[in-house]
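K.L.:
Okay, so here is structure_30.cif, and as you'll see once you scroll down, it has mmCIF, C-alpha atoms and all ligand atoms.
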```cif
data_query
#
loop_
_atom_site.label_atom_id
_atom_site.label_comp_id
_atom_site.auth_asym_id
_atom_site.auth_seq_id
_atom_site.Cartn_x
_atom_site.Cartn_y
_atom_site.Cartn_z
CA MET A 180 8.17 10.22 21.13
CA TYR A 181 10.13 9.60 17.96
CA TYR A 182 7.84 10.03 14.93
CA VAL A 183 8.05 8.22 11.60
CA LYS A 184 5.92 8.75 8.49
CA ALA A 185 4.10 5.77 6.94
CA PRO A 186 2.75 6.67 3.47
CA ALA A 187 0.12 4.79 1.50
CA LYS A 188 0.93 3.09 -1.80
CA ILE A 189 -1.02 2.70 -5.00
CA ASN A 190 -0.49 0.07 -7.69
CA LEU A 191 0.03 1.66 -11.11
CA THR A 192 0.11 -1.90 -12.50
CA LEU A 193 -0.60 -5.28 -10.94
CA ASP A 194 -0.08 -8.42 -13.02
CA VAL A 195 -0.27 -12.05 -11.92
CA LEU A 196 1.94 -14.52 -13.78
CA HIS A 197 0.90 -17.80 -12.15
CA LYS A 198 -0.14 -19.44 -8.91
CA ARG A 199 2.75 -20.85 -6.89
CA PRO A 200 2.96 -24.15 -5.05
CA ASP A 201 3.07 -22.23 -1.72
CA GLY A 202 -0.40 -20.77 -2.42
CA TYR A 203 0.82 -17.25 -3.20
CA HIS A 204 0.67 -15.73 -6.68
CA GLU A 205 3.74 -14.73 -8.65
CA VAL A 206 3.19 -11.03 -9.34
CA GLU A 207 4.73 -8.23 -11.36
CA MET A 208 3.56 -4.86 -10.15
CA ILE A 209 4.56 -1.23 -10.08
CA MET A 210 3.90 0.60 -6.86
CA THR A 211 4.40 4.21 -5.87
CA THR A 212 3.84 6.19 -2.68
CA VAL A 213 1.29 8.97 -2.29
CA ASP A 214 1.15 11.84 0.16
CA LEU A 215 -1.44 10.28 2.45
CA ALA A 216 0.34 8.94 5.51
CA ASP A 217 -0.12 7.49 8.96
CA ARG A 218 2.11 8.83 11.73
CA ILE A 219 3.88 6.32 13.95
CA GLY A 220 5.18 7.50 17.35
CA LEU A 221 7.76 5.29 19.09
CA GLU A 222 8.86 5.51 22.73
CA ASN A 223 11.17 3.12 24.56
CA ARG A 224 9.81 1.12 27.53
CA GLU A 225 11.94 -0.23 30.32
CA ASP A 226 9.53 -3.13 31.01
CA GLY A 227 10.41 -4.83 27.70
CA LYS A 228 6.78 -4.91 26.49
CA ILE A 229 5.40 -3.95 23.08
CA HIS A 230 2.34 -1.77 23.52
CA ILE A 231 0.09 -0.47 20.73
CA LEU A 232 -1.83 2.78 21.18
CA SER A 233 -4.52 3.45 18.60
CA VAL A 234 -7.91 5.09 18.77
CA ASP A 235 -9.12 3.68 15.44
CA ARG A 236 -11.63 0.93 16.20
CA PHE A 237 -10.65 -1.05 13.10
CA VAL A 238 -6.99 -1.24 14.07
CA PRO A 239 -6.06 -4.15 16.37
CA ASN A 240 -4.02 -3.18 19.45
CA ASP A 241 -2.33 -6.54 20.02
CA TYR A 242 -0.10 -9.09 18.20
CA ARG A 243 -2.42 -8.87 15.15
CA ASN A 244 -1.18 -5.36 14.46
CA LEU A 245 1.50 -5.47 11.76
CA ALA A 246 3.50 -2.77 13.60
CA TYR A 247 3.50 -4.99 16.71
CA GLN A 248 4.81 -7.88 14.60
CA ALA A 249 7.57 -5.66 13.20
CA ALA A 250 8.73 -4.65 16.70
CA LYS A 251 8.59 -8.27 17.92
CA LEU A 252 10.68 -9.57 15.01
CA LEU A 253 13.40 -6.94 15.58
CA LYS A 254 13.36 -7.41 19.34
CA GLU A 255 13.77 -11.16 19.10
CA LYS A 256 16.29 -11.27 16.27
CA TYR A 257 18.58 -8.63 17.82
CA ARG A 258 17.89 -9.54 21.48
CA VAL A 259 16.77 -6.05 22.39
CA LYS A 260 15.91 -5.77 26.11
CA LEU A 261 13.91 -2.56 25.74
CA GLY A 262 10.23 -2.57 24.88
CA VAL A 263 8.36 0.06 22.93
CA THR A 264 5.09 1.95 22.93
CA ILE A 265 3.88 2.30 19.33
CA LYS A 266 1.35 5.07 18.82
CA ILE A 267 -0.51 4.73 15.52
CA GLU A 268 -2.22 7.85 14.19
CA LYS A 269 -4.22 6.58 11.21
CA SER A 270 -4.95 8.65 8.14
CA ILE A 271 -4.82 5.81 5.61
CA PRO A 272 -8.19 4.03 5.41
CA VAL A 273 -8.10 0.46 6.75
CA ALA A 274 -8.47 -2.62 4.50
CA ALA A 275 -8.47 -0.34 1.49
CA GLY A 276 -5.79 -1.73 -0.85
CA LEU A 277 -3.44 1.08 0.14
CA ALA A 278 -1.06 -1.03 2.28
CA GLY A 279 -1.81 0.92 5.47
CA GLY A 280 -0.89 -1.86 7.88
CA SER A 281 2.17 -2.82 5.82
CA SER A 282 3.37 0.78 5.80
CA ASP A 283 2.92 1.05 9.58
CA ALA A 284 5.03 -2.10 9.97
CA ALA A 285 7.69 -0.75 7.62
CA ALA A 286 7.80 2.61 9.43
CA THR A 287 8.14 0.75 12.74
CA LEU A 288 11.10 -1.21 11.34
CA ARG A 289 12.81 1.98 10.12
CA GLY A 290 12.02 3.88 13.30
CA LEU A 291 13.18 1.17 15.70
CA ASN A 292 16.35 0.68 13.65
CA THR A 293 17.18 4.29 14.61
CA LEU A 294 15.73 4.30 18.14
CA TRP A 295 17.44 1.05 19.11
CA GLY A 296 20.65 1.87 17.21
CA LEU A 297 20.62 -1.40 15.27
CA GLY A 298 22.49 -0.04 12.22
CA LEU A 299 20.60 -2.23 9.73
CA SER A 300 20.42 -1.39 6.03
CA LEU A 301 17.11 -0.87 4.21
CA ASP A 302 17.74 -4.21 2.44
CA GLU A 303 18.03 -5.97 5.80
CA LEU A 304 14.90 -4.26 7.12
CA ALA A 305 13.00 -5.20 3.94
CA GLN A 306 14.03 -8.83 4.35
CA ILE A 307 12.64 -8.85 7.89
CA GLY A 308 9.50 -7.08 6.63
CA THR A 309 8.82 -9.86 4.14
CA LYS A 310 8.03 -12.15 7.08
CA ILE A 311 5.12 -9.85 7.98
CA GLY A 312 3.46 -9.43 4.58
CA SER A 313 4.12 -9.21 0.84
CA ASP A 314 3.79 -5.40 0.70
CA VAL A 315 6.08 -4.59 3.65
CA ALA A 316 9.38 -4.76 1.72
CA PHE A 317 8.19 -2.12 -0.75
CA CYS A 318 6.98 0.08 2.11
CA VAL A 319 10.41 -0.09 3.79
CA TYR A 320 11.96 1.67 0.77
CA GLY A 321 8.98 3.77 -0.38
CA GLY A 322 9.37 5.69 -3.62
CA THR A 323 8.49 3.88 -6.83
CA ALA A 324 9.42 0.30 -7.65
CA LEU A 325 8.80 -2.81 -9.70
CA ALA A 326 7.90 -5.60 -7.28
CA THR A 327 8.15 -9.25 -8.30
CA GLY A 328 8.08 -12.64 -6.59
CA ARG A 329 5.14 -12.53 -4.22
CA GLY A 330 5.74 -8.77 -4.10
CA GLU A 331 8.87 -8.79 -1.94
CA ARG A 332 11.56 -8.48 -4.64
CA ILE A 333 12.04 -4.76 -5.20
CA GLN A 334 13.72 -2.94 -8.09
CA GLU A 335 13.81 0.81 -7.64
CA LEU A 336 12.36 3.04 -10.37
CA PRO A 337 12.60 6.83 -10.73
CA ALA A 338 9.69 9.02 -9.64
CA PRO A 339 6.93 9.21 -12.28
CA ALA A 340 5.62 12.46 -13.75
CA ASN A 341 4.21 14.49 -10.89
CA CYS A 342 0.43 14.62 -10.68
CA TRP A 343 -2.55 14.62 -8.36
CA VAL A 344 -4.06 11.39 -7.10
CA ILE A 345 -7.71 11.30 -6.07
CA LEU A 346 -8.53 8.35 -3.85
CA ALA A 347 -12.07 7.19 -3.19
CA LYS A 348 -12.81 4.36 -0.77
CA PRO A 349 -16.30 2.88 -0.67
CA THR A 350 -17.53 1.83 2.78
CA LEU A 351 -16.72 -1.83 2.41
CA GLY A 352 -13.65 -3.83 3.34
CA VAL A 353 -12.12 -6.39 1.01
CA SER A 354 -10.10 -9.48 1.92
CA THR A 355 -6.94 -9.72 -0.19
CA ALA A 356 -6.91 -13.53 0.12
CA ASP A 357 -10.51 -13.70 -1.20
CA ILE A 358 -9.72 -11.58 -4.23
CA TYR A 359 -6.60 -13.57 -5.19
CA GLY A 360 -8.65 -16.73 -4.52
CA ASN A 361 -11.33 -15.71 -7.03
CA LEU A 362 -8.88 -14.82 -9.81
CA LYS A 363 -9.14 -16.98 -12.95
CA ILE A 364 -5.57 -17.21 -14.16
CA ASP A 365 -6.50 -18.36 -17.70
CA GLN A 366 -8.74 -15.32 -18.25
CA ILE A 367 -6.23 -12.64 -17.31
CA VAL A 368 -5.66 -9.70 -19.67
CA HIS A 369 -2.12 -8.68 -18.75
CA PRO A 370 -1.18 -5.01 -18.33
CA ASN A 371 1.85 -3.72 -20.26
CA THR A 372 4.38 -3.43 -17.43
CA LYS A 373 7.27 -2.62 -19.79
CA GLN A 374 5.35 0.30 -21.28
CA MET A 375 4.61 1.60 -17.77
CA ILE A 376 8.30 1.43 -16.84
CA GLU A 377 9.16 3.44 -19.98
CA ALA A 378 6.46 5.99 -19.13
CA ILE A 379 7.89 6.38 -15.63
CA GLU A 380 11.46 6.66 -16.86
CA HIS A 381 10.50 9.35 -19.38
CA LYS A 382 8.14 11.10 -16.94
CA ASN A 383 5.51 10.77 -19.66
CA PHE A 384 2.13 11.38 -17.97
CA ASP A 385 -0.03 10.42 -20.97
CA GLN A 386 1.81 7.13 -21.48
CA MET A 387 1.56 6.43 -17.75
CA CYS A 388 -2.22 6.93 -17.95
CA ALA A 389 -2.44 4.65 -20.99
CA SER A 390 -0.47 1.88 -19.24
CA VAL A 391 -2.30 1.48 -15.91
CA GLY A 392 -3.80 -1.95 -15.33
CA ASN A 393 -4.67 -4.29 -12.45
CA VAL A 394 -5.72 -7.90 -13.03
CA LEU A 395 -7.44 -8.04 -9.62
CA GLU A 396 -9.79 -5.24 -10.65
CA ASP A 397 -12.21 -7.44 -12.61
CA VAL A 398 -12.50 -9.81 -9.66
CA THR A 399 -13.33 -7.09 -7.14
CA LEU A 400 -15.60 -5.20 -9.54
CA LYS A 401 -17.69 -8.34 -10.14
CA LEU A 402 -17.95 -9.11 -6.42
CA TYR A 403 -18.67 -5.50 -5.43
CA PRO A 404 -20.60 -3.58 -8.16
CA GLU A 405 -20.35 -0.46 -5.94
CA VAL A 406 -16.64 -0.28 -6.80
CA ALA A 407 -17.44 -0.44 -10.52
CA GLY A 408 -19.93 2.42 -10.01
CA LEU A 409 -17.29 4.52 -8.29
CA LYS A 410 -14.81 3.86 -11.08
CA GLY A 411 -17.40 4.98 -13.64
CA GLN A 412 -18.09 8.19 -11.71
CA MET A 413 -14.42 9.05 -11.47
CA GLN A 414 -14.07 8.55 -15.24
CA LYS A 415 -17.15 10.67 -15.85
CA PHE A 416 -15.82 13.54 -13.73
CA GLY A 417 -12.75 13.59 -15.98
CA ALA A 418 -9.78 11.92 -14.24
CA ASP A 419 -7.04 11.17 -16.78
CA ALA A 420 -6.69 7.52 -15.69
CA VAL A 421 -8.77 5.51 -13.22
CA LEU A 422 -7.80 2.21 -11.58
CA MET A 423 -8.44 0.16 -8.47
CA SER A 424 -5.44 -0.11 -6.12
CA GLY A 425 -4.20 -3.51 -4.92
CA SER A 426 -7.09 -5.85 -4.17
CA GLY A 427 -9.35 -2.84 -3.60
CA PRO A 428 -11.78 -1.45 -2.86
CA THR A 429 -10.09 1.98 -3.18
CA VAL A 430 -10.24 3.47 -6.66
CA PHE A 431 -7.72 6.13 -7.63
CA GLY A 432 -7.68 8.70 -10.40
CA LEU A 433 -4.56 10.36 -11.82
CA VAL A 434 -5.08 14.01 -12.65
CA GLN A 435 -2.56 16.40 -14.16
CA GLN A 436 -4.43 19.72 -14.11
CA GLU A 437 -4.91 21.24 -10.67
CA THR A 438 -8.08 23.03 -11.85
CA LYS A 439 -9.78 19.66 -12.41
CA VAL A 440 -8.95 18.29 -8.96
CA GLN A 441 -11.54 20.22 -6.94
CA ARG A 442 -14.30 19.43 -9.44
CA ILE A 443 -13.63 15.69 -9.36
CA TYR A 444 -13.23 15.73 -5.55
CA ASN A 445 -16.54 17.58 -5.04
CA GLY A 446 -18.33 15.35 -7.51
CA LEU A 447 -17.21 12.18 -5.77
CA ARG A 448 -17.97 13.52 -2.27
CA GLY A 449 -21.62 13.43 -3.32
CA PHE A 450 -21.79 9.67 -2.94
CA CYS A 451 -18.58 8.51 -1.27
CA ASP A 452 -17.64 9.47 2.32
CA GLU A 453 -13.93 8.85 2.03
CA VAL A 454 -12.34 10.88 -0.75
CA TYR A 455 -8.79 12.29 -0.67
CA ALA A 456 -6.91 14.52 -3.11
CA VAL A 457 -3.17 14.07 -2.62
CA ARG A 458 0.08 14.37 -4.56
CA LEU A 459 2.01 11.47 -5.95
CA MET A 460 5.26 11.33 -3.96
CA GLY A 461 7.24 8.76 -5.94
CA GLU A 462 10.65 9.63 -4.38
CA ARG A 463 12.45 7.39 -1.92
CA ASP A 464 14.28 9.89 0.22
CA THR A 465 11.36 11.64 1.93
CA LEU A 466 10.80 9.00 4.65
CA ALA A 467 12.19 9.51 8.14
C1 LIG B 501 -2.76 -6.84 -3.36
C2 LIG B 501 -1.41 -6.32 -2.90
O1 LIG B 501 -1.60 -5.40 -1.83
C3 LIG B 501 -0.79 -5.53 -4.04
O2 LIG B 501 0.24 -4.67 -3.64
C4 LIG B 501 -0.49 -7.43 -2.46
O3 LIG B 501 -0.29 -8.36 -3.49
C5 LIG B 501 -0.97 -8.11 -1.19
O4 LIG B 501 -0.09 -7.79 -0.18
P1 LIG B 501 -0.38 -8.10 1.38
O5 LIG B 501 -1.68 -7.53 1.79
O6 LIG B 501 0.87 -7.66 2.10
O7 LIG B 501 -0.54 -9.66 1.33
P2 LIG B 501 -0.13 -10.80 2.37
O8 LIG B 501 -0.51 -10.37 3.75
O9 LIG B 501 1.28 -11.21 2.11
O10 LIG B 501 -1.10 -11.95 1.86
C6 LIG B 501 -2.48 -11.97 2.08
C7 LIG B 501 -3.08 -13.05 1.22
O11 LIG B 501 -3.13 -12.63 -0.15
C8 LIG B 501 -2.81 -13.68 -1.04
N1 LIG B 501 -1.61 -13.32 -1.84
C9 LIG B 501 -0.84 -12.26 -1.48
C10 LIG B 501 0.27 -11.90 -2.24
C11 LIG B 501 0.57 -12.69 -3.39
N2 LIG B 501 1.63 -12.40 -4.16
N3 LIG B 501 -0.21 -13.74 -3.72
C12 LIG B 501 -1.32 -14.05 -2.97
O12 LIG B 501 -2.03 -15.01 -3.31
C13 LIG B 501 -2.59 -14.91 -0.19
O13 LIG B 501 -3.82 -15.60 -0.12
C14 LIG B 501 -2.26 -14.33 1.18
O14 LIG B 501 -2.62 -15.19 2.22
N1 LIG B 502 -1.31 -1.03 11.67
C1 LIG B 502 -2.45 -1.46 11.10
N2 LIG B 502 -3.28 -0.60 10.48
C2 LIG B 502 -4.42 -1.03 9.90
N3 LIG B 502 -4.83 -2.32 9.90
C3 LIG B 502 -4.05 -3.23 10.49
C4 LIG B 502 -2.83 -2.83 11.10
N4 LIG B 502 -2.25 -3.94 11.57
C5 LIG B 502 -3.07 -4.96 11.28
N5 LIG B 502 -4.17 -4.56 10.65
C6 LIG B 502 -5.23 -5.45 10.16
O1 LIG B 502 -5.02 -5.66 8.76
C7 LIG B 502 -6.24 -5.60 8.03
C8 LIG B 502 -5.93 -5.02 6.64
O2 LIG B 502 -5.64 -3.66 6.80
P1 LIG B 502 -4.72 -2.79 5.83
O3 LIG B 502 -5.16 -1.38 6.03
O4 LIG B 502 -3.29 -3.07 6.02
O5 LIG B 502 -5.19 -3.36 4.41
P2 LIG B 502 -4.79 -3.03 2.96
O6 LIG B 502 -4.59 -1.57 2.75
O7 LIG B 502 -5.82 -3.67 2.07
O8 LIG B 502 -3.41 -3.75 2.76
P3 LIG B 502 -2.74 -4.28 1.41
O9 LIG B 502 -2.90 -3.19 0.40
O10 LIG B 502 -1.30 -4.48 1.85
O11 LIG B 502 -3.44 -5.55 1.05
C9 LIG B 502 -7.18 -4.75 8.87
O12 LIG B 502 -8.49 -5.16 8.74
C10 LIG B 502 -6.67 -4.90 10.30
O13 LIG B 502 -7.41 -5.88 11.01
#
```
Let me see the structure of the file written as structure tokens.
P.N.:
Amino acid sequence: MYYVKAPAKINLTLDVLHKRPDGYHEVEMIMTTVDLADRIGLENREDGKIHILSVDRFVPNDYRNLAYQAAKLLKEKYRVKLGVTIKIEKSIPVAAGLAGGSSDAAATLRGLNTLWGLGLSLDELAQIGTKIGSDVAFCVYGGTALATGRGERIQELPAPANCWVILAKPTLGVSTADIYGNLKIDQIVHPNTKQMIEAIEHKNFDQMCASVGNVLEDVTLKLYPEVAGLKGQMQKFGADAVLMSGSGPTVFGLVQQETKVQRIYNGLRGFCDEVYAVRLMGERDTLA
């Protein structure tokens, strides 16, 4: 098996500019990768089939799997005769706002590019990824980036100030389409994306904390008060900044001091089953 790492992303900012005629929303968001990753194993098959192996009951093992779709797109576009077994070892919670499925698809694109000797650039892989979902292009590159368009136009940013990221996922799944659908464009309070970019460029942790913002947060918090409760707890335990990632329901806290991490983690474990304390990765070059 050839193994590829598929890290989760968080949104440090997520702004919506307007609704587009194609039904998607024009976004402006800053995403970065964290050290919580799925592992994708790839093995060639002589029978030409694409086969998904996963023991997670929430992960589909057929054409609905985004990794399957990634393999199918590459196979068809480049007329590859071989098939592939794709083993998905999940660590990223499913339907969490952490782009787990998108990252698996992106890792499959990168991995098969190597395994099948296709010689494609990351830009080419990202373009193919866009056909699968709005977050896949970012996941192809990893690192930290400003994403615009429907999320597929990627401008690389440097790694932000290093810190801990505490992730807490309540036991409910959220539909991204539902959350965008319930957003009231005229009531949006826009985050300061420019200030966040400056904070990242200067590795200024305090300014980064002061600049986080996600316009989907209000929507999800109103629909699921449990998420608002979790956010309040994380603030109470002393995280330096607290925000919901993507369309939720995962809430993340940025923490600079290592001594605080265990306290916040233990506090949250009291009423949330899925809590993770990980490092912000932020760099592009760590992906296989
Ligand atoms: C919430 C985020 O995860 C933030 O990174 C993304 O904006 C969503 O990315 P994703 O899950 O890859 O989304 P997609 O699979 O492309 O779209 C799912 C659904 O979300 C809505 N959607 C998504 C992206 C976007 N810019 N505008 C939208 O309105 C659409 O209803 C779409 O049918
Ligand atoms: N490889 C995969 N891993 C997890 N879920 C997948 C995968 N492929 C398809 N899915 C489907 O996609 C749905 C959303 O899962 P995913 O974990 O990607 O959501 P997410 O983290 O909210 O994504 P995003 O942040 O991009 O909106 C799941 O309910 C599942 O049915």
K.L.:
Skipping near chain neighbours, those fewer than 4 positions away, what residues fall within 7 Å of stretch 183-192 of chain A using all atoms listed in the file, listed as a ChimeraX atom specification?
P.N.:
/A:208-220,271,277-279,282-283,286,290,370,372,391-393,424-425,466-467
K.L.:
Give me, please, the distance in Å between atom CA of A:Val454 and atom N2 of ligand LIG 502 (chain B), quoted to one decimal.
P.N.:
18.4 Å
K.L.:
If you measure from atom CA of A:Asp452 to atom CA of A:Val406, what distance in Å do you get, rounded to one decimal?
P.N.:
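Answer for the atom CA of A:Asp452 to atom CA of A:Val406 separation: 13.4 Å.
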K.L.:
Hey, which residues sit close to ligand LIG 502 (chain B)? Say within 6 Å, counting all atoms listed in the file, and write them as a short mmCIF file (atom, residue, chain, number, x, y, z; two decimals) with C-alpha atoms, in the frame of the given file.
P.N.:
```cif
data_model
loop_
_atom_site.label_atom_id
_atom_site.label_comp_id
_atom_site.auth_asym_id
_atom_site.auth_seq_id
_atom_site.Cartn_x
_atom_site.Cartn_y
_atom_site.Cartn_z
CA VAL A 238 -6.99 -1.24 14.07
CA PRO A 239 -6.06 -4.15 16.37
CA ARG A 243 -2.42 -8.87 15.15
CA ASN A 244 -1.18 -5.36 14.46
CA LEU A 245 1.50 -5.47 11.76
CA ALA A 246 3.50 -2.77 13.60
CA VAL A 273 -8.10 0.46 6.75
CA ALA A 274 -8.47 -2.62 4.50
CA ALA A 275 -8.47 -0.34 1.49
CA GLY A 276 -5.79 -1.73 -0.85
CA LEU A 277 -3.44 1.08 0.14
CA ALA A 278 -1.06 -1.03 2.28
CA GLY A 279 -1.81 0.92 5.47
CA GLY A 280 -0.89 -1.86 7.88
CA SER A 281 2.17 -2.82 5.82
CA ASP A 283 2.92 1.05 9.58
CA ASP A 314 3.79 -5.40 0.70
CA THR A 355 -6.94 -9.72 -0.19
CA GLY A 425 -4.20 -3.51 -4.92
#
```
K.L.:
Applying 9 Å and all atoms listed in the file, which residues near stretch 429-446 of chain A remain after dropping the ones on its own chain fewer than 5 positions away? List them as a PyMOL selection string.
P.N.:
chain A and resi 189+275-277+341-349+384+388+406+409-410+412-424+454-456+459
K.L.:
Calculated over all atoms listed in the file, which of the candidates A:Leu351, A:Ile376, A:Cys451, A:Val195 has the smallest distance to ligand LIG 501 (chain B)?
P.N.:
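Nearest candidate to ligand LIG 501 (chain B) out of A:Leu351, A:Ile376, A:Cys451, A:Val195: A:Val195.
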K.L.:
At a cut-off of 6 Å around ligand LIG 501 (chain B), and using all atoms listed in the file, what residues come up? Please write them as a PDB file with C-alpha atoms, in the frame of the given file.
P.N.:
```pdb
ATOM      1  CA  TYR A 203       0.820 -17.250  -3.200  1.00  0.00           C
ATOM      2  CA  HIS A 204       0.670 -15.730  -6.680  1.00  0.00           C
ATOM      3  CA  GLU A 205       3.740 -14.730  -8.650  1.00  0.00           C
ATOM      4  CA  VAL A 206       3.190 -11.030  -9.340  1.00  0.00           C
ATOM      5  CA  GLY A 276      -5.790  -1.730  -0.850  1.00  0.00           C
ATOM      6  CA  GLY A 312       3.460  -9.430   4.580  1.00  0.00           C
ATOM      7  CA  SER A 313       4.120  -9.210   0.840  1.00  0.00           C
ATOM      8  CA  ASP A 314       3.790  -5.400   0.700  1.00  0.00           C
ATOM      9  CA  ARG A 329       5.140 -12.530  -4.220  1.00  0.00           C
ATOM     10  CA  GLY A 330       5.740  -8.770  -4.100  1.00  0.00           C
ATOM     11  CA  THR A 355      -6.940  -9.720  -0.190  1.00  0.00           C
ATOM     12  CA  ALA A 356      -6.910 -13.530   0.120  1.00  0.00           C
ATOM     13  CA  TYR A 359      -6.600 -13.570  -5.190  1.00  0.00           C
ATOM     14  CA  GLY A 425      -4.200  -3.510  -4.920  1.00  0.00           C
ATOM     15  CA  SER A 426      -7.090  -5.850  -4.170  1.00  0.00           C
TER      16      SER A 426
END
```
K.L.:
Give me the residues within 10 Å of stretch 251-260 of chain A as an NGL selection string, counting all atoms listed in the file and dropping any in the same chain fewer than 4 places off.
P.N.:
:A and (224-229 or 242 or 245-247 or 287-288 or 291-292 or 295 or 297 or 304 or 307-308 or 310-311)
K.L.:
As an exercise, work out the distance from atom CA of A:Val353 to atom CA of A:Ser270 in Å and give it to one decimal place.
P.N.:
18.1 Å
K.L.:
With all atoms listed in the file as the atoms that count, which of A:Asp194, A:Glu222, A:Glu453, A:Glu462 lies nearest to A:Thr327?
P.N.:
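Under the stated criterion, the closest residue is A:Asp194.
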K.L.:
Give me the residues near A:Tyr320 as a compact mmCIF listing (two decimals) with C-alpha atoms, in the coordinates of the input, where near means some atom within 8 Å (using only C-alpha atoms) and where sequence neighbours in that chain fewer than 2 positions away do not count.
P.N.:
```txt
# COMPACT_ATOMS: atom_id res chain seq x y z
CA LEU A 301 17.11 -0.87 4.21
CA ALA A 305 13.00 -5.20 3.94
CA ALA A 316 9.38 -4.76 1.72
CA PHE A 317 8.19 -2.12 -0.75
CA CYS A 318 6.98 0.08 2.11
CA GLY A 322 9.37 5.69 -3.62
CA ARG A 463 12.45 7.39 -1.92
```
K.L.:
Restricting the calculation to only C-alpha atoms, which member of A:Asn361, A:Asn240, A:Gln386, A:Thr309 is positioned closest to A:Leu400?
P.N.:
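Closest to A:Leu400 of all the choices is A:Asn361.
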K.L.:
Taking only C-alpha atoms into account, which of A:Asp235, A:Asp357, A:Glu268, A:Glu207 comes nearest A:Gly427?
P.N.:
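Answer, going by the shortest atom-to-atom distance: A:Asp357.
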K.L.:
Taking only C-alpha atoms into account, which of A:Val234, A:Met180, A:Leu325, A:Ala407 comes nearest A:Val263?
P.N.:
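So, comparing all the options, the nearest one is A:Met180.
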K.L.:
Between A:Val398, A:Ala340, A:Leu362, A:Ile379, which one has atoms that come closest to A:Arg458, using all atoms listed in the file?
P.N.:
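Ranking A:Val398, A:Ala340, A:Leu362, A:Ile379 by distance to A:Arg458, first place goes to A:Ala340.
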K.L.:
Specify the axis-aligned box that encloses all atoms of stretch 241-257 of chain A listed in the file after padding of 3 Å on each side, stating its centre and edge lengths in Å to one decimal as lines of an AutoDock Vina configuration file.
P.N.:
```
center_x = 8.1
center_y = -7.0
center_z = 15.9
size_x = 27.0
size_y = 14.5
size_z = 14.3
```
K.L.:
Since the input has fewer atoms than a full residue there, write stretch 290-303 of chain A out with N, CA and C atoms, as a PDB file, in the coordinates of the input.
P.N.:
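The result, stored in part12.pdb:
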```pdb
ATOM      1  N   GLY A 290      11.930   3.055  12.095  1.00  0.00           N
ATOM      2  CA  GLY A 290      12.020   3.880  13.300  1.00  0.00           C
ATOM      3  C   GLY A 290      12.788   3.177  14.417  1.00  0.00           C
ATOM      4  N   LEU A 291      12.503   1.897  14.622  1.00  0.00           N
ATOM      5  CA  LEU A 291      13.180   1.170  15.700  1.00  0.00           C
ATOM      6  C   LEU A 291      14.651   0.929  15.363  1.00  0.00           C
ATOM      7  N   ASN A 292      14.948   0.816  14.079  1.00  0.00           N
ATOM      8  CA  ASN A 292      16.350   0.680  13.650  1.00  0.00           C
ATOM      9  C   ASN A 292      17.139   1.880  14.177  1.00  0.00           C
ATOM     10  N   THR A 293      16.524   3.073  14.106  1.00  0.00           N
ATOM     11  CA  THR A 293      17.180   4.290  14.610  1.00  0.00           C
ATOM     12  C   THR A 293      17.132   4.339  16.134  1.00  0.00           C
ATOM     13  N   LEU A 294      15.909   4.147  16.692  1.00  0.00           N
ATOM     14  CA  LEU A 294      15.730   4.300  18.140  1.00  0.00           C
ATOM     15  C   LEU A 294      16.577   3.295  18.927  1.00  0.00           C
ATOM     16  N   TRP A 295      16.672   2.092  18.418  1.00  0.00           N
ATOM     17  CA  TRP A 295      17.440   1.050  19.110  1.00  0.00           C
ATOM     18  C   TRP A 295      18.880   0.940  18.613  1.00  0.00           C
ATOM     19  N   GLY A 296      19.274   1.833  17.702  1.00  0.00           N
ATOM     20  CA  GLY A 296      20.650   1.870  17.210  1.00  0.00           C
ATOM     21  C   GLY A 296      21.122   0.562  16.608  1.00  0.00           C
ATOM     22  N   LEU A 297      20.276  -0.068  15.785  1.00  0.00           N
ATOM     23  CA  LEU A 297      20.620  -1.400  15.270  1.00  0.00           C
ATOM     24  C   LEU A 297      21.547  -1.337  14.048  1.00  0.00           C
ATOM     25  N   GLY A 298      21.579  -0.203  13.365  1.00  0.00           N
ATOM     26  CA  GLY A 298      22.490  -0.040  12.220  1.00  0.00           C
ATOM     27  C   GLY A 298      22.195  -0.946  11.040  1.00  0.00           C
ATOM     28  N   LEU A 299      20.938  -1.329  10.846  1.00  0.00           N
ATOM     29  CA  LEU A 299      20.600  -2.230   9.730  1.00  0.00           C
ATOM     30  C   LEU A 299      20.370  -1.431   8.452  1.00  0.00           C
ATOM     31  N   SER A 300      20.668  -2.050   7.320  1.00  0.00           N
ATOM     32  CA  SER A 300      20.420  -1.390   6.030  1.00  0.00           C
ATOM     33  C   SER A 300      18.947  -1.541   5.661  1.00  0.00           C
ATOM     34  N   LEU A 301      18.495  -0.744   4.678  1.00  0.00           N
ATOM     35  CA  LEU A 301      17.110  -0.870   4.210  1.00  0.00           C
ATOM     36  C   LEU A 301      16.867  -2.282   3.659  1.00  0.00           C
ATOM     37  N   ASP A 302      17.886  -2.844   2.972  1.00  0.00           N
ATOM     38  CA  ASP A 302      17.740  -4.210   2.440  1.00  0.00           C
ATOM     39  C   ASP A 302      17.487  -5.209   3.579  1.00  0.00           C
ATOM     40  N   GLU A 303      18.229  -5.053   4.667  1.00  0.00           N
ATOM     41  CA  GLU A 303      18.030  -5.970   5.800  1.00  0.00           C
ATOM     42  C   GLU A 303      16.646  -5.788   6.428  1.00  0.00           C
TER      43      GLU A 303
END
```
